[in-house]
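**Q** Before anything else, here's the structure in question.
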Amino acid sequence: MSTVFIPSVLRANVGGVKSLEVPGDSIRAVVTTLVEEHPALGSQLLTPDGDLNRFVNVYVNGQDVRYLAGLETPVASSDEVRLLPAMAGG
Amino acid sequence: MPKSYADLLREARAQIREVSARDVDALPVGATTIVDVREASEWEQGHVPGATHISKSYIEQQIEGIAPDRDQPLVLYCAGGVRSLFAAQTLAEMGYTDVASMSGGFQGWKTAGLDFVTPIVLTAEQKQRYSRHLLIPEVGTAGQAKLLGSKALLVGAGGLGSPASLYLAAAGVGTIGIVDFDVVDLSNLQRQIVHTNDRVGERKVESARKSINALNPEVKVVAHEEMLGPNNVERLIAGYDVILDGTDTFETRYTLNDAAVAAGIPVIHASVFRFEGQLTTFIPYEGPCYRCLYPTPPPPELAPGCSVAGVLGVVPGILGLLQANEALKVLLGIGETLAGRLLLFDALETEFTELKLRRDPTCPVCSDAAVEARAAGRPLATAAVGGDAPFLLGGTGFGASLGAPVAVGEAQA
């Protein structure tokens with residue numbers, strides 16, 4: 001189980017919690033499980049084709065998965081996964 | 001047995017190695033730390049190039065700041081070569097193993113016909129106002145002079161720009177430009193501390209100017225009362241040394257990013273949402289830019305601004321101050337900026353998290369291909385931002401862009 005940190009803008013879709021323990025050995029598996037359990041996240045995280053939206057960055061242990069193996073980036077049980085959408089407020 | 005001045009001098013000469021001005025001039029640059037131990041008033045009349053000033057009366061307190069390593073080679077000089085001998089004795093007592101005194105002092109240096117520099121001299125009032133900066137070796141008179149000659153542009157005089165503008169002004173950043181077309185609203189005052197209750201309805205740039213000049217009248221405030229957009233951004237940012245992005249729309253953030261990268265001006269980026277904030281420093285071509293971090297903007301419902309979602313007032317306060325901190329480091333050329341790092345702040349948990357950022361080799365704005373295309377007058381297309389713009393890149397999504405390099409876009413007509 002990795003720990004997935006949910007940004008506050010998405011928390012309403014997961015019952016208001018800050019983080020979730022999610023099973024899965026890759027980013028694809030983690031995101032799939034996350035969306036299955038919290039369907040409202042689906043349209044926020046994924047494109048109609050099932051890819052991650054480009055405006056949501058995903059980090060594993062502080063590293064952007066775009067520069068690792070993307071959706072196939074392996075995730076270990078103690079890893080921290082962070083979803084990070086852009087924010088504009090100033 | 002009491003000792004005379006002559007006794008003390010004789011002992012110092014016996015203990016401390018002396019070097020000539022020509023020897024010092026011939027030293028490889030940077031290998032030896034040269035310390036001027038005269039009084040500040042003497043230093044201001046001119047000094048050896050590259051020397052650091054520590055008055056003899058502060059030598060014990062301040063030497064470790066510039067020479068933490070006891071084996072660091074040091075050459076001390078004064079006006080004629082006597083005070084530096086005694087100061088060198090003190091350093092030897094402190095355990096410095098390689099301390100020399102320049103015989104003949106600065107007089108000898110000038111007599112030998114060697115070059116010297118005359119530092120920028122602060123007025124008596126400036127010395128008092130910035131005294132806490134002048135005491136820090138990393139700032140000092142030279143750093144303060146640099147700040148006084150610097151120009152910082154704040155895009156937005158709101159939650160982030162308020163604390164940043166006040167602290168940059170207090171720090172003596174000589175010119176502060178402010179871009180804001182708005183007027184002060186009562187609902188701003190929960191966090192926008194550069195404005196005041198009696199200025200509700202007043203133009204923000206003018207309100208900010210009053211607060212800045214009330215704090216530090218010598219700061220030149222340049223008011224740009226207009227909305228930053230593609231048609232004026234180049235003009236607005238021209239000539240500034242650093243830009244603080246405190247806007248509240250994606251349109252402005254992307255427009256500012258693209259122009260600042262092209263102009264080679266660092267942007268200190270911060271954004272806030274309720275209890276959270278994000279902060280980084282974009283240094284063109286050295287680290288990533290905003291489009292490397294977020295290639296496309298999110299749809300409006302995923303990224304509401306403060307006026308829709310709300311924000312705890314201190315969050316932009318904290319992030320704005322961190323922006324000012326980054327800006328001061330950029331201007332002074334000291335420390336490590338946040339280039340390549342994204343700092344997240346969570347006020348509810350009082351938690352800072354750092355994420356690693358990378359330059360996107362396919363970035364349509366800061367990649368090598370983008371620079372070449374710009375130079376050829378055919379800038380690469382970027383993801384559109386705005387009400388009618390498509391927010392997704394044709395369904396390719398994030399996963400599809402991985403692996404083989406993707407086209408960065410077609411040249412605009």
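Each chain in the structure tokens gets a letter, A, B, ..., in the order shown, and its residues are numbered from 1; ligands are numbered from 1 in order too.
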Counting only C-alpha atoms, a student should be able to say which residues of chain B come within 6 Å of chain A; what is the right answer, written as an MDAnalysis selection string?
**A** chainID B and resid 159:160 246:250 271:273 294 296:298 303 305:306 355:356 397:399
**Q** Considering only C-alpha atoms, return as JSON, numbers by chain whatever protein or nucleic-acid residues lie within 9 Å of Glu60 (chain B), sequence-local ones (same chain, fewer than 4 positions apart) excluded.
**A** {"B": [56, 64, 87, 90, 91, 94]}
**Q** Atoms to include: C-alpha atoms. Write the selected residues as a PDB file, in the first residue's frame.
**A**
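Generated output (out.pdb):
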```pdb
ATOM      1  CA  LYS B  56      40.540  45.406  13.278  1.00  0.00           C
ATOM      2  CA  GLU B  64      35.018  33.047  10.924  1.00  0.00           C
ATOM      3  CA  ALA B  87      45.409  41.680  13.740  1.00  0.00           C
ATOM      4  CA  THR B  90      45.157  37.698  16.919  1.00  0.00           C
ATOM      5  CA  LEU B  91      44.222  35.340  14.086  1.00  0.00           C
ATOM      6  CA  MET B  94      42.696  31.852  17.084  1.00  0.00           C
TER       7      MET B  94
END
```
**Q** Might you pull out every residue within 7 Å of Val267 (chain B), with only C-alpha atoms counted and same-chain residues fewer than 2 positions away left off, and present them as a PyMOL selection string?
**A** chain B and resi 242-245+265+269+281-283
**Q** Put those residues in a file: N, CA and C atoms, as a PDB file, in the first residue's frame.
**A**
```pdb
ATOM      1  N   VAL B 242      14.401  41.060 -11.708  1.00  0.00           N
ATOM      2  CA  VAL B 242      13.688  39.892 -11.195  1.00  0.00           C
ATOM      3  C   VAL B 242      12.198  40.229 -11.178  1.00  0.00           C
ATOM      4  N   ILE B 243      11.382  39.187 -11.371  1.00  0.00           N
ATOM      5  CA  ILE B 243       9.923  39.381 -11.389  1.00  0.00           C
ATOM      6  C   ILE B 243       9.297  38.466 -10.340  1.00  0.00           C
ATOM      7  N   LEU B 244       8.352  39.001  -9.568  1.00  0.00           N
ATOM      8  CA  LEU B 244       7.610  38.181  -8.612  1.00  0.00           C
ATOM      9  C   LEU B 244       6.205  37.990  -9.162  1.00  0.00           C
ATOM     10  N   ASP B 245       5.856  36.744  -9.431  1.00  0.00           N
ATOM     11  CA  ASP B 245       4.547  36.440  -9.985  1.00  0.00           C
ATOM     12  C   ASP B 245       3.554  36.266  -8.849  1.00  0.00           C
ATOM     13  N   ILE B 265      14.681  36.819 -17.827  1.00  0.00           N
ATOM     14  CA  ILE B 265      14.516  37.397 -16.481  1.00  0.00           C
ATOM     15  C   ILE B 265      13.963  36.328 -15.527  1.00  0.00           C
ATOM     16  N   HIS B 269       7.916  32.379  -8.547  1.00  0.00           N
ATOM     17  CA  HIS B 269       6.527  31.981  -8.717  1.00  0.00           C
ATOM     18  C   HIS B 269       5.927  31.536  -7.384  1.00  0.00           C
ATOM     19  N   THR B 281      11.356  29.021  -8.066  1.00  0.00           N
ATOM     20  CA  THR B 281      12.043  30.093  -8.775  1.00  0.00           C
ATOM     21  C   THR B 281      12.391  29.585 -10.176  1.00  0.00           C
ATOM     22  N   PHE B 282      11.928  30.321 -11.164  1.00  0.00           N
ATOM     23  CA  PHE B 282      12.230  29.947 -12.544  1.00  0.00           C
ATOM     24  C   PHE B 282      13.389  30.811 -13.041  1.00  0.00           C
ATOM     25  N   ILE B 283      14.529  30.185 -13.278  1.00  0.00           N
ATOM     26  CA  ILE B 283      15.666  30.919 -13.832  1.00  0.00           C
ATOM     27  C   ILE B 283      15.852  30.444 -15.269  1.00  0.00           C
TER      28      ILE B 283
END
```
**Q** To test your reading of the structure, identify every residue in chain A that backbone DSSP assigns to helix (DSSP H, G or I), and report it as number ranges by chain.
**A** A: 8-14, 27-37, 39-45, 65-67, 70-72
**Q** Please identify which residues in region 15-181 of chain B DSSP calls strand (DSSP E or B) from the backbone, and express them as an mmCIF file with N, CA and C atoms, in the first residue's frame.
**A**
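The new file part_18.cif reads:
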```
data_model
loop_
_atom_site.group_PDB
_atom_site.id
_atom_site.type_symbol
_atom_site.label_atom_id
_atom_site.label_comp_id
_atom_site.auth_asym_id
_atom_site.auth_seq_id
_atom_site.Cartn_x
_atom_site.Cartn_y
_atom_site.Cartn_z
ATOM 1 N N ARG B 17 54.551 36.506 9.269
ATOM 2 C CA ARG B 17 55.227 36.638 7.977
ATOM 3 C C ARG B 17 54.691 37.897 7.290
ATOM 4 N N GLU B 18 55.608 38.637 6.660
ATOM 5 C CA GLU B 18 55.178 39.830 5.927
ATOM 6 C C GLU B 18 55.397 39.617 4.433
ATOM 7 N N VAL B 19 54.445 40.136 3.659
ATOM 8 C CA VAL B 19 54.553 40.020 2.197
ATOM 9 C C VAL B 19 54.429 41.417 1.604
ATOM 10 N N THR B 33 42.477 34.758 0.799
ATOM 11 C CA THR B 33 41.502 35.765 1.209
ATOM 12 C C THR B 33 42.259 37.000 1.698
ATOM 13 N N ILE B 34 41.965 38.115 1.064
ATOM 14 C CA ILE B 34 42.629 39.360 1.441
ATOM 15 C C ILE B 34 41.669 40.168 2.318
ATOM 16 N N VAL B 35 42.143 40.524 3.505
ATOM 17 C CA VAL B 35 41.270 41.216 4.458
ATOM 18 C C VAL B 35 41.835 42.597 4.759
ATOM 19 N N ASP B 36 40.996 43.590 4.553
ATOM 20 C CA ASP B 36 41.348 44.971 4.870
ATOM 21 C C ASP B 36 40.867 45.254 6.291
ATOM 22 N N HIS B 47 40.256 50.544 -1.881
ATOM 23 C CA HIS B 47 40.822 49.333 -1.291
ATOM 24 C C HIS B 47 41.370 48.423 -2.374
ATOM 25 N N THR B 52 38.159 41.892 1.363
ATOM 26 C CA THR B 52 36.977 41.946 2.217
ATOM 27 C C THR B 52 37.316 42.867 3.378
ATOM 28 N N HIS B 53 36.337 43.668 3.779
ATOM 29 C CA HIS B 53 36.613 44.602 4.860
ATOM 30 C C HIS B 53 36.128 44.078 6.210
ATOM 31 N N LEU B 74 45.442 33.602 4.396
ATOM 32 C CA LEU B 74 44.905 34.954 4.597
ATOM 33 C C LEU B 74 46.027 35.974 4.484
ATOM 34 N N VAL B 75 45.743 37.102 3.836
ATOM 35 C CA VAL B 75 46.658 38.240 3.885
ATOM 36 C C VAL B 75 45.877 39.415 4.446
ATOM 37 N N LEU B 76 46.401 40.030 5.485
ATOM 38 C CA LEU B 76 45.755 41.188 6.090
ATOM 39 C C LEU B 76 46.531 42.447 5.709
ATOM 40 N N TYR B 77 45.803 43.530 5.523
ATOM 41 C CA TYR B 77 46.518 44.793 5.325
ATOM 42 C C TYR B 77 45.760 45.917 6.007
ATOM 43 N N VAL B 99 48.622 33.019 8.016
ATOM 44 C CA VAL B 99 48.245 34.436 8.007
ATOM 45 C C VAL B 99 49.470 35.289 7.739
ATOM 46 N N ALA B 100 49.385 36.177 6.767
ATOM 47 C CA ALA B 100 50.483 37.103 6.481
ATOM 48 C C ALA B 100 49.971 38.536 6.594
ATOM 49 N N SER B 101 50.894 39.461 6.749
ATOM 50 C CA SER B 101 50.537 40.879 6.793
ATOM 51 C C SER B 101 51.237 41.572 5.624
ATOM 52 N N MET B 102 50.501 42.451 4.945
ATOM 53 C CA MET B 102 51.098 43.131 3.792
ATOM 54 C C MET B 102 51.902 44.332 4.274
ATOM 55 N N VAL B 117 40.207 49.820 -6.035
ATOM 56 C CA VAL B 117 38.816 50.166 -6.337
ATOM 57 C C VAL B 117 38.249 51.033 -5.230
ATOM 58 N N LYS B 151 16.200 46.358 -9.678
ATOM 59 C CA LYS B 151 14.807 46.634 -10.038
ATOM 60 C C LYS B 151 14.007 45.339 -9.974
ATOM 61 N N ALA B 152 12.980 45.331 -9.155
ATOM 62 C CA ALA B 152 12.114 44.153 -9.025
ATOM 63 C C ALA B 152 10.712 44.519 -9.494
ATOM 64 N N LEU B 153 10.098 43.610 -10.236
ATOM 65 C CA LEU B 153 8.736 43.849 -10.715
ATOM 66 C C LEU B 153 7.778 42.903 -10.013
ATOM 67 N N LEU B 154 6.761 43.484 -9.392
ATOM 68 C CA LEU B 154 5.716 42.667 -8.774
ATOM 69 C C LEU B 154 4.515 42.665 -9.693
ATOM 70 N N VAL B 155 4.149 41.472 -10.146
ATOM 71 C CA VAL B 155 2.944 41.384 -10.959
ATOM 72 C C VAL B 155 1.817 40.991 -10.012
ATOM 73 N N THR B 175 14.310 50.014 -7.023
ATOM 74 C CA THR B 175 13.136 50.281 -7.859
ATOM 75 C C THR B 175 12.175 49.105 -7.751
ATOM 76 N N ILE B 176 10.946 49.387 -7.413
ATOM 77 C CA ILE B 176 9.913 48.352 -7.345
ATOM 78 C C ILE B 176 8.803 48.746 -8.309
ATOM 79 N N GLY B 177 8.652 47.924 -9.338
ATOM 80 C CA GLY B 177 7.553 48.140 -10.276
ATOM 81 C C GLY B 177 6.363 47.311 -9.830
ATOM 82 N N ILE B 178 5.175 47.836 -10.014
ATOM 83 C CA ILE B 178 3.964 47.094 -9.625
ATOM 84 C C ILE B 178 2.976 47.122 -10.776
ATOM 85 N N VAL B 179 2.565 45.930 -11.211
ATOM 86 C CA VAL B 179 1.542 45.833 -12.248
ATOM 87 C C VAL B 179 0.244 45.417 -11.578
#
```
**Q** Show which residues sit within 9 Å of Asn13 (chain A), as JSON, numbers by chain. Count only C-alpha atoms, and ignore same-chain residues fewer than 5 positions away.
**A** {"A": [38, 39, 40, 41]}
**Q** Find the residues around Val173 (chain B) up to 8 Å (only C-alpha atoms counted), leave out those fewer than 6 positions away in its own chain, and share them as a list in words.
**A** Leu147, Leu148, Gly149, Ser150, Lys151, Ala152 and Val219 of chain B
**Q** So that I have them on file, write out the residues from the current selection with C-alpha atoms, as an mmCIF file, in the first residue's frame.
**A**
```
data_model
loop_
_atom_site.group_PDB
_atom_site.id
_atom_site.type_symbol
_atom_site.label_atom_id
_atom_site.label_comp_id
_atom_site.auth_asym_id
_atom_site.auth_seq_id
_atom_site.Cartn_x
_atom_site.Cartn_y
_atom_site.Cartn_z
ATOM 1 C CA LEU B 147 20.064 46.004 -3.886
ATOM 2 C CA LEU B 148 19.810 49.788 -4.094
ATOM 3 C CA GLY B 149 20.621 49.543 -7.788
ATOM 4 C CA SER B 150 18.218 46.646 -8.425
ATOM 5 C CA LYS B 151 14.807 46.634 -10.038
ATOM 6 C CA ALA B 152 12.114 44.153 -9.025
ATOM 7 C CA VAL B 219 12.429 53.343 -3.041
#
```
**Q** Take CA of Thr252 (chain B) and CA of Val58 (chain A) and report the distance between them in Å, one decimal.
**A** 24.1 Å
